[in-house]
Each structure stands twice: as structure tokens, then as C-alpha cells.
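K.L.:
Input file: run_36.txt. Contents: compact mmCIF, C-alpha atoms and all ligand atoms.
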```txt
# COMPACT_ATOMS: atom_id res chain seq x y z
CA MET R 1 29.68 42.77 169.80
CA ASN R 2 30.88 41.35 166.58
CA SER R 3 34.24 39.79 167.12
CA THR R 4 35.22 39.08 163.53
CA HIS R 5 38.17 41.32 162.84
CA VAL R 6 37.50 41.43 159.16
CA ARG R 7 40.26 43.92 158.49
CA ALA R 8 42.91 41.58 159.70
CA HIS R 9 42.32 39.76 156.41
CA ARG R 10 42.32 42.80 154.24
CA GLN R 11 45.49 42.11 152.31
CA ALA R 12 43.88 38.96 150.97
CA ASP R 13 40.86 40.96 149.87
CA GLY R 14 42.78 43.39 147.71
CA VAL R 15 40.82 46.63 147.78
CA PRO R 16 38.02 47.94 149.99
CA THR R 17 34.50 47.84 148.59
CA LEU R 18 34.16 51.54 149.36
CA THR R 19 36.95 54.06 149.75
CA LEU R 20 36.44 57.69 150.66
CA ASP R 21 39.76 59.34 150.03
CA GLY R 22 40.00 62.89 151.34
CA LEU R 23 36.32 63.45 150.55
CA THR R 24 35.42 67.12 150.83
CA ILE R 25 31.89 68.42 150.36
CA GLN R 26 31.17 72.09 150.06
CA LEU R 27 27.89 73.68 151.08
CA LYS R 28 26.94 76.96 149.47
CA THR R 29 23.93 78.80 150.85
CA ARG R 30 22.84 82.33 151.63
CA ARG R 31 24.68 81.98 154.93
CA GLY R 32 27.99 81.37 153.23
CA THR R 33 30.27 78.72 151.79
CA ALA R 34 31.74 75.98 153.94
CA ASN R 35 33.29 72.55 153.73
CA VAL R 36 30.74 70.54 155.71
CA VAL R 37 32.57 67.29 155.05
CA ASP R 38 36.29 67.88 155.22
CA ARG R 39 39.04 65.53 154.00
CA VAL R 40 37.28 62.39 155.15
CA ASP R 41 39.09 59.07 154.71
CA LEU R 42 36.94 56.00 155.24
CA GLU R 43 36.95 52.40 154.08
CA VAL R 44 34.40 49.61 154.06
CA TRP R 45 35.90 46.19 153.33
CA PRO R 46 34.08 43.21 151.85
CA GLY R 47 31.70 41.70 154.39
CA GLU R 48 32.28 44.46 156.91
CA ILE R 49 29.63 46.44 158.76
CA VAL R 50 31.09 49.87 159.41
CA GLY R 51 29.44 52.39 161.71
CA LEU R 52 29.57 56.13 161.08
CA ILE R 53 28.50 57.98 164.20
CA GLY R 54 28.38 61.54 165.43
CA GLU R 55 25.94 64.14 166.62
CA SER R 56 23.30 65.74 164.45
CA GLY R 57 24.73 68.04 161.79
CA SER R 58 28.17 66.45 161.67
CA GLY R 59 27.90 65.60 157.95
CA LYS R 60 26.98 61.91 158.00
CA SER R 61 24.06 62.08 155.59
CA LEU R 62 25.85 64.34 153.12
CA THR R 63 28.68 61.81 153.12
CA ALA R 64 26.17 59.04 152.36
CA PHE R 65 24.38 61.02 149.64
CA SER R 66 27.65 61.89 147.93
CA ILE R 67 28.36 58.19 147.34
CA PHE R 68 25.14 57.98 145.30
CA ASP R 69 25.54 61.35 143.60
CA LEU R 70 22.36 62.39 145.40
CA LEU R 71 23.63 65.50 147.18
CA PRO R 72 21.15 68.34 147.62
CA LYS R 73 21.57 71.30 145.25
CA ALA R 74 23.44 73.38 147.81
CA ALA R 75 26.16 70.77 148.25
CA ARG R 76 28.85 69.36 145.98
CA VAL R 77 32.01 67.32 146.12
CA VAL R 78 34.95 69.71 145.78
CA GLY R 79 37.82 67.46 146.76
CA GLY R 80 38.96 63.90 147.19
CA ASP R 81 37.66 60.71 145.68
CA ILE R 82 34.92 58.13 146.17
CA ARG R 83 35.83 54.67 144.90
CA LEU R 84 33.83 51.50 144.50
CA GLY R 85 36.50 48.86 144.36
CA ALA R 86 39.17 50.41 142.16
CA ARG R 87 36.73 52.57 140.24
CA SER R 88 36.22 56.27 140.94
CA LEU R 89 32.61 57.42 141.16
CA VAL R 90 33.40 61.13 141.24
CA GLY R 91 32.69 62.83 137.95
CA LEU R 92 30.94 59.77 136.52
CA SER R 93 28.33 60.65 133.88
CA ALA R 94 24.68 60.62 134.95
CA PRO R 95 23.91 57.43 132.97
CA GLY R 96 27.08 55.81 134.33
CA MET R 97 25.99 56.63 137.86
CA ARG R 98 22.44 55.39 137.29
CA ALA R 99 23.80 52.07 136.13
CA ILE R 100 25.73 51.66 139.38
CA ARG R 101 23.18 53.13 141.77
CA GLY R 102 20.67 50.57 142.88
CA ASP R 103 22.68 47.85 141.18
CA ARG R 104 26.13 47.63 142.73
CA ILE R 105 25.41 50.12 145.52
CA ALA R 106 22.11 50.68 147.31
CA LEU R 107 20.84 53.16 149.87
CA ILE R 108 18.41 52.24 152.62
CA PRO R 109 16.98 55.60 153.65
CA GLN R 110 15.70 56.78 156.99
CA ASP R 111 12.10 57.09 155.89
CA PRO R 112 11.07 54.16 153.70
CA LEU R 113 7.61 55.58 153.02
CA SER R 114 8.99 58.56 151.16
CA SER R 115 11.14 56.24 149.05
CA LEU R 116 8.42 53.77 148.12
CA ASN R 117 6.06 54.75 145.34
CA PRO R 118 2.58 55.05 146.89
CA VAL R 119 0.73 54.08 143.70
CA LEU R 120 2.69 50.94 142.86
CA ARG R 121 2.16 47.53 144.44
CA VAL R 122 5.06 46.55 146.69
CA GLY R 123 5.95 43.42 144.73
CA ARG R 124 6.26 45.42 141.57
CA GLN R 125 8.62 47.89 143.23
CA VAL R 126 10.78 45.17 144.69
CA GLY R 127 10.97 43.40 141.33
CA GLU R 128 11.52 46.48 139.21
CA PRO R 129 15.33 46.67 139.59
CA LEU R 130 15.54 43.17 138.08
CA VAL R 131 13.63 44.34 135.03
CA LEU R 132 15.50 47.62 134.69
CA HIS R 133 19.03 46.43 135.46
CA ARG R 134 18.99 42.74 134.57
CA GLY R 135 16.50 42.59 131.73
CA SER R 136 14.30 40.09 133.62
CA ARG R 137 10.76 39.51 132.43
CA TRP R 138 8.10 40.89 134.75
CA ARG R 139 6.73 37.45 135.52
CA GLN R 140 10.13 36.24 136.81
CA ALA R 141 10.82 39.54 138.56
CA LEU R 142 7.53 39.36 140.46
CA ALA R 143 8.20 35.79 141.52
CA ARG R 144 11.66 36.83 142.69
CA ALA R 145 10.13 39.78 144.55
CA VAL R 146 8.00 37.39 146.58
CA SER R 147 11.01 35.29 147.52
CA LEU R 148 12.97 38.43 148.40
CA LEU R 149 10.12 39.59 150.63
CA ALA R 150 10.14 36.15 152.24
CA SER R 151 13.90 36.41 152.77
CA VAL R 152 13.46 39.63 154.74
CA HIS R 153 10.84 37.84 156.85
CA LEU R 154 7.79 39.70 155.63
CA PRO R 155 4.79 37.63 156.71
CA GLN R 156 2.58 36.28 153.88
CA PRO R 157 4.93 37.59 151.20
CA ALA R 158 2.83 36.42 148.24
CA GLU R 159 -0.27 38.28 149.44
CA ARG R 160 1.65 41.28 150.68
CA ALA R 161 3.42 41.70 147.34
CA GLY R 162 0.05 42.64 145.86
CA GLU R 163 -0.56 45.43 148.39
CA TYR R 164 0.37 49.11 148.38
CA PRO R 165 2.91 50.76 150.74
CA HIS R 166 0.19 52.52 152.80
CA GLN R 167 -1.16 49.08 153.76
CA PHE R 168 2.19 48.27 155.38
CA SER R 169 3.36 49.10 158.90
CA GLY R 170 6.62 51.03 159.37
CA GLY R 171 8.58 47.85 160.00
CA MET R 172 7.05 46.15 156.98
CA ARG R 173 7.96 49.09 154.77
CA GLN R 174 11.50 48.95 156.01
CA ARG R 175 11.58 45.27 155.07
CA ALA R 176 10.16 46.04 151.65
CA MET R 177 12.84 48.71 151.14
CA SER R 178 15.49 46.23 152.21
CA ALA R 179 14.16 43.58 149.83
CA MET R 180 14.28 46.15 147.05
CA SER R 181 17.81 47.18 148.03
CA ILE R 182 19.18 43.64 147.99
CA ALA R 183 17.32 42.50 144.86
CA LEU R 184 20.44 42.93 142.75
CA GLU R 185 22.83 41.77 145.49
CA PRO R 186 24.78 45.03 145.68
CA GLU R 187 28.34 45.02 146.91
CA LEU R 188 27.64 47.98 149.16
CA LEU R 189 24.60 48.89 151.22
CA VAL R 190 24.46 52.30 152.87
CA ALA R 191 21.85 52.56 155.60
CA ASP R 192 21.27 56.09 156.90
CA GLU R 193 19.50 55.95 160.26
CA PRO R 194 17.47 53.01 158.97
CA THR R 195 15.70 52.34 162.25
CA THR R 196 14.79 55.73 163.67
CA ALA R 197 11.18 55.44 162.47
CA LEU R 198 10.75 51.96 163.96
CA ASP R 199 9.78 50.80 167.42
CA VAL R 200 12.38 49.03 169.50
CA THR R 201 11.37 45.42 168.76
CA ILE R 202 11.10 46.01 165.03
CA GLN R 203 14.41 47.87 165.17
CA ALA R 204 16.14 44.84 166.63
CA GLN R 205 14.63 42.58 163.97
CA PHE R 206 15.74 44.92 161.24
CA LEU R 207 19.29 45.05 162.55
CA HIS R 208 19.34 41.28 162.70
CA LEU R 209 18.25 41.33 159.06
CA LEU R 210 21.16 43.57 158.10
CA ARG R 211 23.53 41.10 159.67
CA GLU R 212 21.88 38.21 157.80
CA ILE R 213 22.30 40.08 154.52
CA ARG R 214 25.97 40.60 155.27
CA ASP R 215 26.53 37.00 156.32
CA GLU R 216 24.69 35.57 153.35
CA HIS R 217 26.03 37.76 150.55
CA ARG R 218 29.21 39.16 152.07
CA THR R 219 27.72 42.58 151.46
CA SER R 220 29.66 45.56 152.76
CA ILE R 221 27.45 47.80 154.89
CA LEU R 222 27.96 51.40 155.93
CA LEU R 223 25.59 52.06 158.82
CA ILE R 224 24.93 55.64 159.84
CA THR R 225 23.35 56.02 163.23
CA HIS R 226 23.05 58.04 166.42
CA ASP R 227 22.62 54.85 168.34
CA LEU R 228 25.83 53.60 169.90
CA GLY R 229 24.07 50.48 171.18
CA VAL R 230 23.41 49.51 167.58
CA VAL R 231 27.02 50.13 166.66
CA ALA R 232 28.27 48.03 169.56
CA GLU R 233 26.01 45.17 168.60
CA LEU R 234 26.34 45.16 164.87
CA CYS R 235 29.46 46.86 163.59
CA ASP R 236 32.97 45.61 163.07
CA TRP R 237 34.52 49.00 162.69
CA VAL R 238 33.56 52.53 163.65
CA TYR R 239 34.31 56.07 162.48
CA VAL R 240 33.45 58.98 164.74
CA MET R 241 32.58 62.15 162.86
CA TYR R 242 32.44 65.64 164.28
CA ALA R 243 31.83 68.88 162.39
CA GLY R 244 32.76 67.28 159.09
CA ARG R 245 35.96 65.60 160.29
CA ILE R 246 36.72 62.06 161.41
CA LEU R 247 38.07 62.33 164.96
CA GLU R 248 38.52 58.67 165.82
CA GLN R 249 38.37 55.29 164.13
CA GLY R 250 39.08 51.67 164.90
CA PRO R 251 37.69 48.24 165.69
CA VAL R 252 34.40 48.53 167.57
CA GLU R 253 35.42 46.51 170.63
CA ARG R 254 38.52 48.63 171.07
CA ILE R 255 36.72 51.97 170.64
CA PHE R 256 34.04 51.00 173.13
CA ALA R 257 36.45 49.57 175.67
CA GLN R 258 39.09 52.29 175.40
CA PRO R 259 37.86 55.35 173.55
CA ALA R 260 40.85 57.65 173.07
CA HIS R 261 39.30 60.91 171.88
CA PRO R 262 37.57 63.08 174.50
CA TYR R 263 34.65 63.48 172.08
CA THR R 264 34.15 59.73 171.80
CA GLN R 265 34.54 59.43 175.55
CA ASP R 266 31.80 62.01 176.01
CA LEU R 267 29.58 60.28 173.44
CA LEU R 268 29.93 57.00 175.28
CA GLN R 269 29.23 58.72 178.59
CA ALA R 270 26.13 60.23 177.06
CA THR R 271 24.99 56.90 175.67
CA PRO R 272 21.62 55.98 177.02
CA THR R 273 21.22 52.65 178.75
CA VAL R 274 19.04 49.83 177.44
CA GLU R 275 16.05 51.29 179.28
CA THR R 276 16.36 54.69 177.66
CA GLN R 277 17.90 53.65 174.38
CA ARG R 278 15.68 55.85 172.27
CA SER R 279 17.12 59.10 173.46
CA GLU R 280 19.67 60.84 171.32
CA LEU R 281 23.18 62.03 171.89
CA THR R 282 22.34 65.30 173.50
CA ALA R 283 24.08 65.04 176.82
CA ILE R 284 27.37 66.67 175.82
CA PRO R 285 27.34 70.33 176.88
CA GLY R 286 27.41 72.82 174.03
CA SER R 287 26.62 71.99 170.44
CA VAL R 288 28.19 71.10 167.11
CA PRO R 289 29.62 74.30 165.60
CA SER R 290 27.91 75.81 162.59
CA PRO R 291 29.61 74.67 159.38
CA TYR R 292 30.12 78.37 158.57
CA ASP R 293 31.98 78.96 161.79
CA THR R 294 34.17 75.95 162.57
CA PRO R 295 37.03 76.35 165.06
CA GLU R 296 40.50 76.71 163.52
CA GLY R 297 42.27 74.08 165.60
CA CYS R 298 40.73 70.89 166.91
CA ARG R 299 37.05 71.17 166.04
CA PHE R 300 35.98 69.72 169.36
CA ALA R 301 38.23 71.99 171.45
CA PRO R 302 35.55 74.57 172.39
CA ARG R 303 33.53 71.80 174.10
CA CYS R 304 36.42 69.70 175.32
CA SER R 305 37.03 69.38 179.06
CA ARG R 306 40.67 68.44 178.43
CA ARG R 307 41.58 71.27 176.12
CA PHE R 308 45.10 72.74 176.31
CA ASP R 309 47.24 75.19 174.32
CA ARG R 310 48.19 72.69 171.65
CA CYS R 311 44.52 72.33 170.64
CA ASP R 312 44.63 75.69 168.82
CA GLU R 313 46.27 73.70 166.05
CA GLU R 314 44.38 70.82 164.49
CA PRO R 315 45.96 67.50 165.50
CA PRO R 316 46.83 64.79 162.96
CA PHE R 317 45.83 61.18 163.64
CA PHE R 318 47.85 59.43 166.32
CA ALA R 319 47.79 55.66 166.81
CA ALA R 320 46.37 54.76 170.21
CA ALA R 321 46.85 51.10 169.27
CA ALA R 322 47.16 49.04 166.12
CA GLU R 323 44.42 50.26 163.76
CA HIS R 324 43.01 52.61 166.40
CA LEU R 325 43.49 56.23 165.39
CA THR R 326 42.58 59.38 167.27
CA ARG R 327 42.88 62.98 166.18
CA CYS R 328 43.92 64.33 169.56
CA TRP R 329 47.11 65.88 170.95
CA LEU R 330 46.68 63.99 174.22
CA GLU R 331 47.70 60.85 172.40
CA GLU R 332 50.97 62.46 171.32
CA ASP R 333 51.73 63.16 174.94
CA ALA R 334 50.69 59.64 175.94
CA HIS R 335 53.48 58.31 173.77
CA GLY R 336 55.97 60.92 174.87
N1 LIG R 401 20.17 70.85 151.68
C1 LIG R 401 20.88 71.52 152.59
N2 LIG R 401 20.92 72.86 152.59
C2 LIG R 401 21.63 73.56 153.51
N3 LIG R 401 22.35 72.96 154.49
C3 LIG R 401 22.36 71.63 154.55
C4 LIG R 401 21.63 70.83 153.61
N4 LIG R 401 21.83 69.52 153.92
C5 LIG R 401 22.63 69.52 155.00
N5 LIG R 401 22.96 70.77 155.37
C6 LIG R 401 23.86 71.15 156.50
O1 LIG R 401 25.06 70.40 156.38
C7 LIG R 401 25.50 69.93 157.66
C8 LIG R 401 25.62 68.43 157.65
O2 LIG R 401 24.34 67.87 157.45
P1 LIG R 401 24.05 66.31 157.47
O3 LIG R 401 22.63 66.13 157.08
O4 LIG R 401 25.07 65.58 156.66
O5 LIG R 401 24.26 65.95 159.01
P2 LIG R 401 24.03 64.54 159.75
O6 LIG R 401 25.31 64.19 160.42
O7 LIG R 401 23.44 63.56 158.81
O8 LIG R 401 22.97 64.94 160.89
P3 LIG R 401 21.74 64.06 161.47
O9 LIG R 401 22.36 63.17 162.48
O10 LIG R 401 20.85 65.09 162.07
O11 LIG R 401 21.08 63.33 160.33
C9 LIG R 401 24.49 70.48 158.66
O12 LIG R 401 25.01 71.66 159.18
C10 LIG R 401 23.27 70.76 157.83
O13 LIG R 401 22.53 71.80 158.39
MG MG R 402 21.64 62.56 158.73
```
The structure in this file should be written as C-alpha cells.

P.N.:
Amino acid sequence: MNSTHVRAHRQADGVPTLTLDGLTIQLKTRRGTANVVDRVDLEVWPGEIVGLIGESGSGKSLTAFSIFDLLPKAARVVGGDIRLGARSLVGLSAPGMRAIRGDRIALIPQDPLSSLNPVLRVGRQVGEPLVLHRGSRWRQALARAVSLLASVHLPQPAERAGEYPHQFSGGMRQRAMSAMSIALEPELLVADEPTTALDVTIQAQFLHLLREIRDEHRTSILLITHDLGVVAELCDWVYVMYAGRILEQGPVERIFAQPAHPYTQDLLQATPTVETQRSELTAIPGSVPSPYDTPEGCRFAPRCSRRFDRCDEEPPFFAAAAEHLTRCWLEEDAHG
């Protein structure tokens, strides 16, 4: 586990790199209208790796896409704010957003093949942001692309830069995507399930790479994953999302040692061991409610083994410890 309590120094850092302030995302489909991400508060501080975890369908990817103004047509931000430093990104013009996207903020997607252009040589794609955003000449950009590919430990970077994405393995593509994402040294990297397509060894190497990027450039990283092992190993801070709401948050060591919310406790129980680490979080009985039919009180109550009358009303956050918050009535009782 990472033991640097970055947030302890936050006053000195001024503002978080990323702030989600009451972020609410509405989904409108034939099935109805629903807030699939509901009043989410989340911060990523400079140099922090923050994990966002939760079962499938909880709203993690929509949260990530909203930061880049890349929400699918059916979804839109209807409340709250997204800030990069002190600057609000909500309602920014399309050209304003394009200038920031890929430059100050970058997304490492789940499937790097679909994000790489199949007909362009890898080196050209990695160097392109430097030409587009920094006015570099192609010659310099291509040379820089090779050194970026070397920095993400791609073997034979100079030769590989001249190849096409289909000539790369999954792990190599992920490295190429990473090189492209860090070309402009963004303040914030958002990685949405960046390792699901990779085998276990390559996964570990990639995660190590993320940490190197953070250590070297003090990049802030928001890491979305199903894999609690990854969170334990890599993250400083964790947010647990369920049915569009954050149910628990705090320093990683604390959350893993003493999870306070029954949902987090169940997630940790369901966490596969090292031997079976590829399996997903499916061991909690029942399933995430449909966004069109979320429970009125605590969203986890219908599946919660410790449910009681109070849970018909949605709990606020209670402090289980300094900086450790849980949205559960049990914590109110714990403190009398
Ligand atoms: N384009 C879309 N059209 C309709 N519904 C969508 C769309 N994108 C997401 N949803 C719905 O919004 C909810 C949140 O989806 P989201 O992709 O953010 O979940 P997630 O937490 O990233 O899940 P996973 O872990 O499976 O990636 C889900 O109920 C999903 O079905
Ligand atoms: Mg997702």
C-alpha cells in the first residue's frame, strides 16, 4: 500500500487538481429519466492516485466521461460542477474544452485499440499532441515520441514508432496510449479500467508505470477499477460508488483495514485473492438497482444484511475517523 498521506499536506497545495462538486448526471432513454450520477463530491489532489471503485453500472465511467465532456448522447450534466484547479469545466465552449482535453487532462481508456488510429504509425500518434497543442515541428515531435515510448518501457522504441497499432500486443498498445496521454504532461490523468484487457503480468507492469508517471511529474491520477487489489497497491485515497452515490471515502489503508460501510465490507469480502484476482465483484447477493428504480433511502439497503428502520431515509456522511466518511446510519449509532 502507498503510505504517503498526500492529503495531509493539502493546505499547502491550495486547490485540488480535480474537484467534482455535487456532480449530477442525468440519463434520458426510452426507459425513462434518471440521475445515474447523483450529487457526487470527489477530489484528486496534486500527486495523488485516487481510486474510484464500485460494481458494474454504478456510474464510474459516466463520471469519467463527464470530466472530458465526452458523455454519450443519452447523458448530460444537470447539476454540480467539475473544476480543474479553480476553473470550471462545465459549460465550457467546445473549442475551450478541446484545448484542455488531451493537454491539461488526459483519459486512458479501457480499450486502447479502439482509441488508436489503425492507419497511422504509432510514433506519429504519440507525437501528434505536441504538434497540435504545442506547435512543435513534426521532426521534433517524432523524436520526442520515441523518447516517450522509451519512457513507458516499450522495447525498441525507435523501430516500434514506425509500426501500426495492429502490430502491437495489448500491453504495447496500452503503453503507446500512455505515452500519448503523457506527451503534454497533463495535470490530471483519468484511467478507466486501464488494465482489464491485459494479462496479469502486463497489468502489474502497467500499474507500476502509472506510479512512475505520478512520481516523476506529480501527475494527479483518477483510477477507475473493479480490482480492489490494484487499489490497495496503488492508490492513496479511495471513493466507493454505488448506484450513482458515493457511500464511503477515505485513505486507502484505513478503508481496507476498517471499512465502515456494509457495502464496502461486502466488497472487501468478495475480493478475490491473489490466485483468483481476475474475477470481478460479483459475490454480493443481489444486484445494483436499475438507475430508473433506485431505492428512496439508503441505496444499498435492499441488499444490506444490517438494514434497520432508519435506512428508509438516506443517511448523510458520518465521520468514522479523521478523513474517513461513511454514508451509513450505523456510524451515527456508533458515536451515540
Ligand atoms: N450510452 C448509454 N445509454 C444508456 N444507458 C447508459 C449509457 N451509458 C451508461 N448507461 C447506464 O448508466 C449507468 C452507469 O453506467 P457506467 O458506464 O457509468 O457504469 P460503470 O460504473 O462504469 O460500470 P462498469 O464497471 O461496468 O464499467 C448504467 O446503468 C448504464 O447502463
Ligand atoms: Mg465503466

K.L.:
With distances taken over all atoms listed in the file, which of R:Gly171, R:Pro95, R:Gly59, R:Gly127 is nearest to ligand LIG 401 (chain R)?

P.N.:
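When distances to ligand LIG 401 (chain R) are compared using all atoms listed in the file, the smallest one comes from R:Gly59.
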
K.L.:
Can you check which parts of range 62-171 of chain R lie within 10 Å of range 15-30 of chain R? Per residue, the shortest pair of atoms and distance in Å to one decimal, counting only C-alpha atoms, sorted by chain and number, as CSV.

P.N.:
```
residue,atom,partner,partner_atom,distance
R:Leu62,CA,R:Ile25,CA,7.8
R:Thr63,CA,R:Ile25,CA,7.8
R:Ser66,CA,R:Ile25,CA,8.2
R:Ile67,CA,R:Leu20,CA,8.7
R:Leu71,CA,R:Ile25,CA,9.3
R:Pro72,CA,R:Leu27,CA,9.3
R:Lys73,CA,R:Lys28,CA,8.9
R:Ala74,CA,R:Lys28,CA,5.3
R:Ala75,CA,R:Leu27,CA,4.4
R:Arg76,CA,R:Ile25,CA,5.4
R:Val77,CA,R:Ile25,CA,4.4
R:Val78,CA,R:Ile25,CA,5.7
R:Gly79,CA,R:Thr24,CA,4.7
R:Gly80,CA,R:Leu23,CA,4.3
R:Asp81,CA,R:Asp21,CA,5.0
R:Ile82,CA,R:Leu20,CA,4.8
R:Arg83,CA,R:Thr19,CA,5.0
R:Leu84,CA,R:Leu18,CA,4.9
R:Gly85,CA,R:Thr17,CA,4.8
R:Ala86,CA,R:Val15,CA,7.0
R:Arg87,CA,R:Leu18,CA,9.5
R:Ser88,CA,R:Thr19,CA,9.1
R:Ile105,CA,R:Leu18,CA,9.7
```

K.L.:
So how far away is CA of Gln125 in chain R from CA of Ser147 in chain R, in Å?

P.N.:
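One can read the CA of Ser147 in chain R to CA of Gln125 in chain R distance as 13.5 Å.
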
K.L.:
Kindly provide, as a ChimeraX atom specification, all nucleotide and amino acid residues lying within 10 Å of ligand MG 402 (chain R), counting all atoms listed in the file.

P.N.:
/R:53-65,109-110,192-193,224-226

K.L.:
Could you tell me which of R:Ile246, R:Val152, R:Leu209, R:Ala321 comes closest to ligand LIG 401 (chain R) if we count all atoms listed in the file?

P.N.:
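Using all atoms listed in the file, the shortest distance to ligand LIG 401 (chain R) belongs to R:Ile246.
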
K.L.:
Just to confirm, what's the straight-line distance from atom C1 of ligand LIG 401 (chain R) to CA of Leu42 in chain R in Å (one decimal)?

P.N.:
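It comes out at 22.5 Å.
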
K.L.:
Please compute the CA of His153 in chain R-CA of Asp199 in chain R distance, one decimal, in Å.

P.N.:
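These atoms are spaced 16.8 Å apart.
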
K.L.:
Please list, as a list in words, the residues that have an atom at most 12 Å away from (47.5, 64.8, 159.5) in the coordinates of this file, counting only C-alpha atoms.

P.N.:
Gly22, Arg39, Val40, Asp41, Arg245, Ile246, Leu247, Cys298, Glu313, Glu314, Pro315, Pro316, Phe317, Phe318, Ala319, Leu325, Thr326, Arg327, Cys328 and Trp329 of chain R

K.L.:
Could you dump the residues just selected with C-alpha atoms as a JSON list (two decimals), keeping the file's coordinate frame?

P.N.:
```json
[["chain", "number", "residue", "atom", "x", "y", "z"],
["R", 22, "GLY", "CA", 40.00, 62.89, 151.34],
["R", 39, "ARG", "CA", 39.04, 65.53, 154.00],
["R", 40, "VAL", "CA", 37.28, 62.39, 155.15],
["R", 41, "ASP", "CA", 39.09, 59.07, 154.71],
["R", 245, "ARG", "CA", 35.96, 65.60, 160.29],
["R", 246, "ILE", "CA", 36.72, 62.06, 161.41],
["R", 247, "LEU", "CA", 38.07, 62.33, 164.96],
["R", 298, "CYS", "CA", 40.73, 70.89, 166.91],
["R", 313, "GLU", "CA", 46.27, 73.70, 166.05],
["R", 314, "GLU", "CA", 44.38, 70.82, 164.49],
["R", 315, "PRO", "CA", 45.96, 67.50, 165.50],
["R", 316, "PRO", "CA", 46.83, 64.79, 162.96],
["R", 317, "PHE", "CA", 45.83, 61.18, 163.64],
["R", 318, "PHE", "CA", 47.85, 59.43, 166.32],
["R", 319, "ALA", "CA", 47.79, 55.66, 166.81],
["R", 325, "LEU", "CA", 43.49, 56.23, 165.39],
["R", 326, "THR", "CA", 42.58, 59.38, 167.27],
["R", 327, "ARG", "CA", 42.88, 62.98, 166.18],
["R", 328, "CYS", "CA", 43.92, 64.33, 169.56],
["R", 329, "TRP", "CA", 47.11, 65.88, 170.95]]
```

K.L.:
Need the neighbours of (44.5, 77.8, 164.0): which residues are at most 12 Å away, counting only C-alpha atoms, as a PyMOL selection string?

P.N.:
chain R and resi 294-299+301+309-315

K.L.:
Which neighbours of Met97 in chain R fall inside 12 Å, counting all atoms listed in the file, when residues of the same chain fewer than 3 positions from it are skipped, and could you give them as a compact mmCIF listing (two decimals) with C-alpha atoms, in the frame of the given file?

P.N.:
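Result saved to result14.txt:
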```txt
# COMPACT_ATOMS: atom_id res chain seq x y z
CA SER R 66 27.65 61.89 147.93
CA ILE R 67 28.36 58.19 147.34
CA PHE R 68 25.14 57.98 145.30
CA ASP R 69 25.54 61.35 143.60
CA LEU R 70 22.36 62.39 145.40
CA LEU R 84 33.83 51.50 144.50
CA ARG R 87 36.73 52.57 140.24
CA SER R 88 36.22 56.27 140.94
CA LEU R 89 32.61 57.42 141.16
CA VAL R 90 33.40 61.13 141.24
CA GLY R 91 32.69 62.83 137.95
CA LEU R 92 30.94 59.77 136.52
CA SER R 93 28.33 60.65 133.88
CA ALA R 94 24.68 60.62 134.95
CA ILE R 100 25.73 51.66 139.38
CA ARG R 101 23.18 53.13 141.77
CA GLY R 102 20.67 50.57 142.88
CA ASP R 103 22.68 47.85 141.18
CA ARG R 104 26.13 47.63 142.73
CA ILE R 105 25.41 50.12 145.52
CA ALA R 106 22.11 50.68 147.31
```

K.L.:
Can you work out which one of R:Arg254, R:Arg31, R:Arg139, R:His261 has the shortest atom-to-atom distance to ligand LIG 401 (chain R), counting all atoms listed in the file?

P.N.:
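Closest to ligand LIG 401 (chain R), using all atoms listed in the file: R:Arg31.
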
K.L.:
Near Ile284 in chain R, counting only C-alpha atoms, which residues have an atom at most 12 Å away, once you skip same-chain residues fewer than 2 positions from it, shown as an MDAnalysis selection string?

P.N.:
chainID R and resid 54:55 262:271 280:282 286:288 300 302:305

K.L.:
Env of Ser151 in chain R: 12 Å cut, atoms = all atoms listed in the file, seq-sep filter 2 positions within chain, self excluded. Answer as a list of chain:residue names.

P.N.:
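Result of the neighbour search: R:Arg144, R:Ala145, R:Val146, R:Ser147, R:Leu148, R:Leu149, R:His153, R:Leu154, R:Pro155, R:Gln156, R:Pro157, R:Ala158, R:Arg175, R:Ala176, R:Ser178, R:Ala179, R:Met180, R:Ile182, R:Ala183, R:Leu209, R:Leu210, R:Glu212, R:Ile213, R:Glu216.
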
K.L.:
Using only C-alpha atoms, please write the residues we just selected to a file, as a short mmCIF file (atom, residue, chain, number, x, y, z; two decimals), in the frame of the given file.

P.N.:
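Saved file part17.cif follows:
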```cif
data_model
loop_
_atom_site.label_atom_id
_atom_site.label_comp_id
_atom_site.auth_asym_id
_atom_site.auth_seq_id
_atom_site.Cartn_x
_atom_site.Cartn_y
_atom_site.Cartn_z
CA ARG R 144 11.66 36.83 142.69
CA ALA R 145 10.13 39.78 144.55
CA VAL R 146 8.00 37.39 146.58
CA SER R 147 11.01 35.29 147.52
CA LEU R 148 12.97 38.43 148.40
CA LEU R 149 10.12 39.59 150.63
CA HIS R 153 10.84 37.84 156.85
CA LEU R 154 7.79 39.70 155.63
CA PRO R 155 4.79 37.63 156.71
CA GLN R 156 2.58 36.28 153.88
CA PRO R 157 4.93 37.59 151.20
CA ALA R 158 2.83 36.42 148.24
CA ARG R 175 11.58 45.27 155.07
CA ALA R 176 10.16 46.04 151.65
CA SER R 178 15.49 46.23 152.21
CA ALA R 179 14.16 43.58 149.83
CA MET R 180 14.28 46.15 147.05
CA ILE R 182 19.18 43.64 147.99
CA ALA R 183 17.32 42.50 144.86
CA LEU R 209 18.25 41.33 159.06
CA LEU R 210 21.16 43.57 158.10
CA GLU R 212 21.88 38.21 157.80
CA ILE R 213 22.30 40.08 154.52
CA GLU R 216 24.69 35.57 153.35
#
```

K.L.:
Point out the residue among R:Gln258, R:Gly244, R:Gly170, R:Arg306 with the least atom-to-atom distance to Thr201 in chain R, counting all atoms listed in the file.

P.N.:
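Smallest separation from Thr201 in chain R among the options: R:Gly170.
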
K.L.:
Quick one: of R:Pro118, R:Pro251, R:Gly123, R:Gly96, who's nearest to Trp237 in chain R, counting all atoms listed in the file?

P.N.:
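Under the stated criterion, the closest residue is R:Pro251.
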
K.L.:
Ranking R:Ala204, R:Ala99, R:Val230, R:Ala191 by minimum distance to ligand LIG 401 (chain R) and counting only C-alpha atoms and all ligand atoms, which one comes first?

P.N.:
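Counting only C-alpha atoms and all ligand atoms, the residue closest to ligand LIG 401 (chain R) is R:Ala191.
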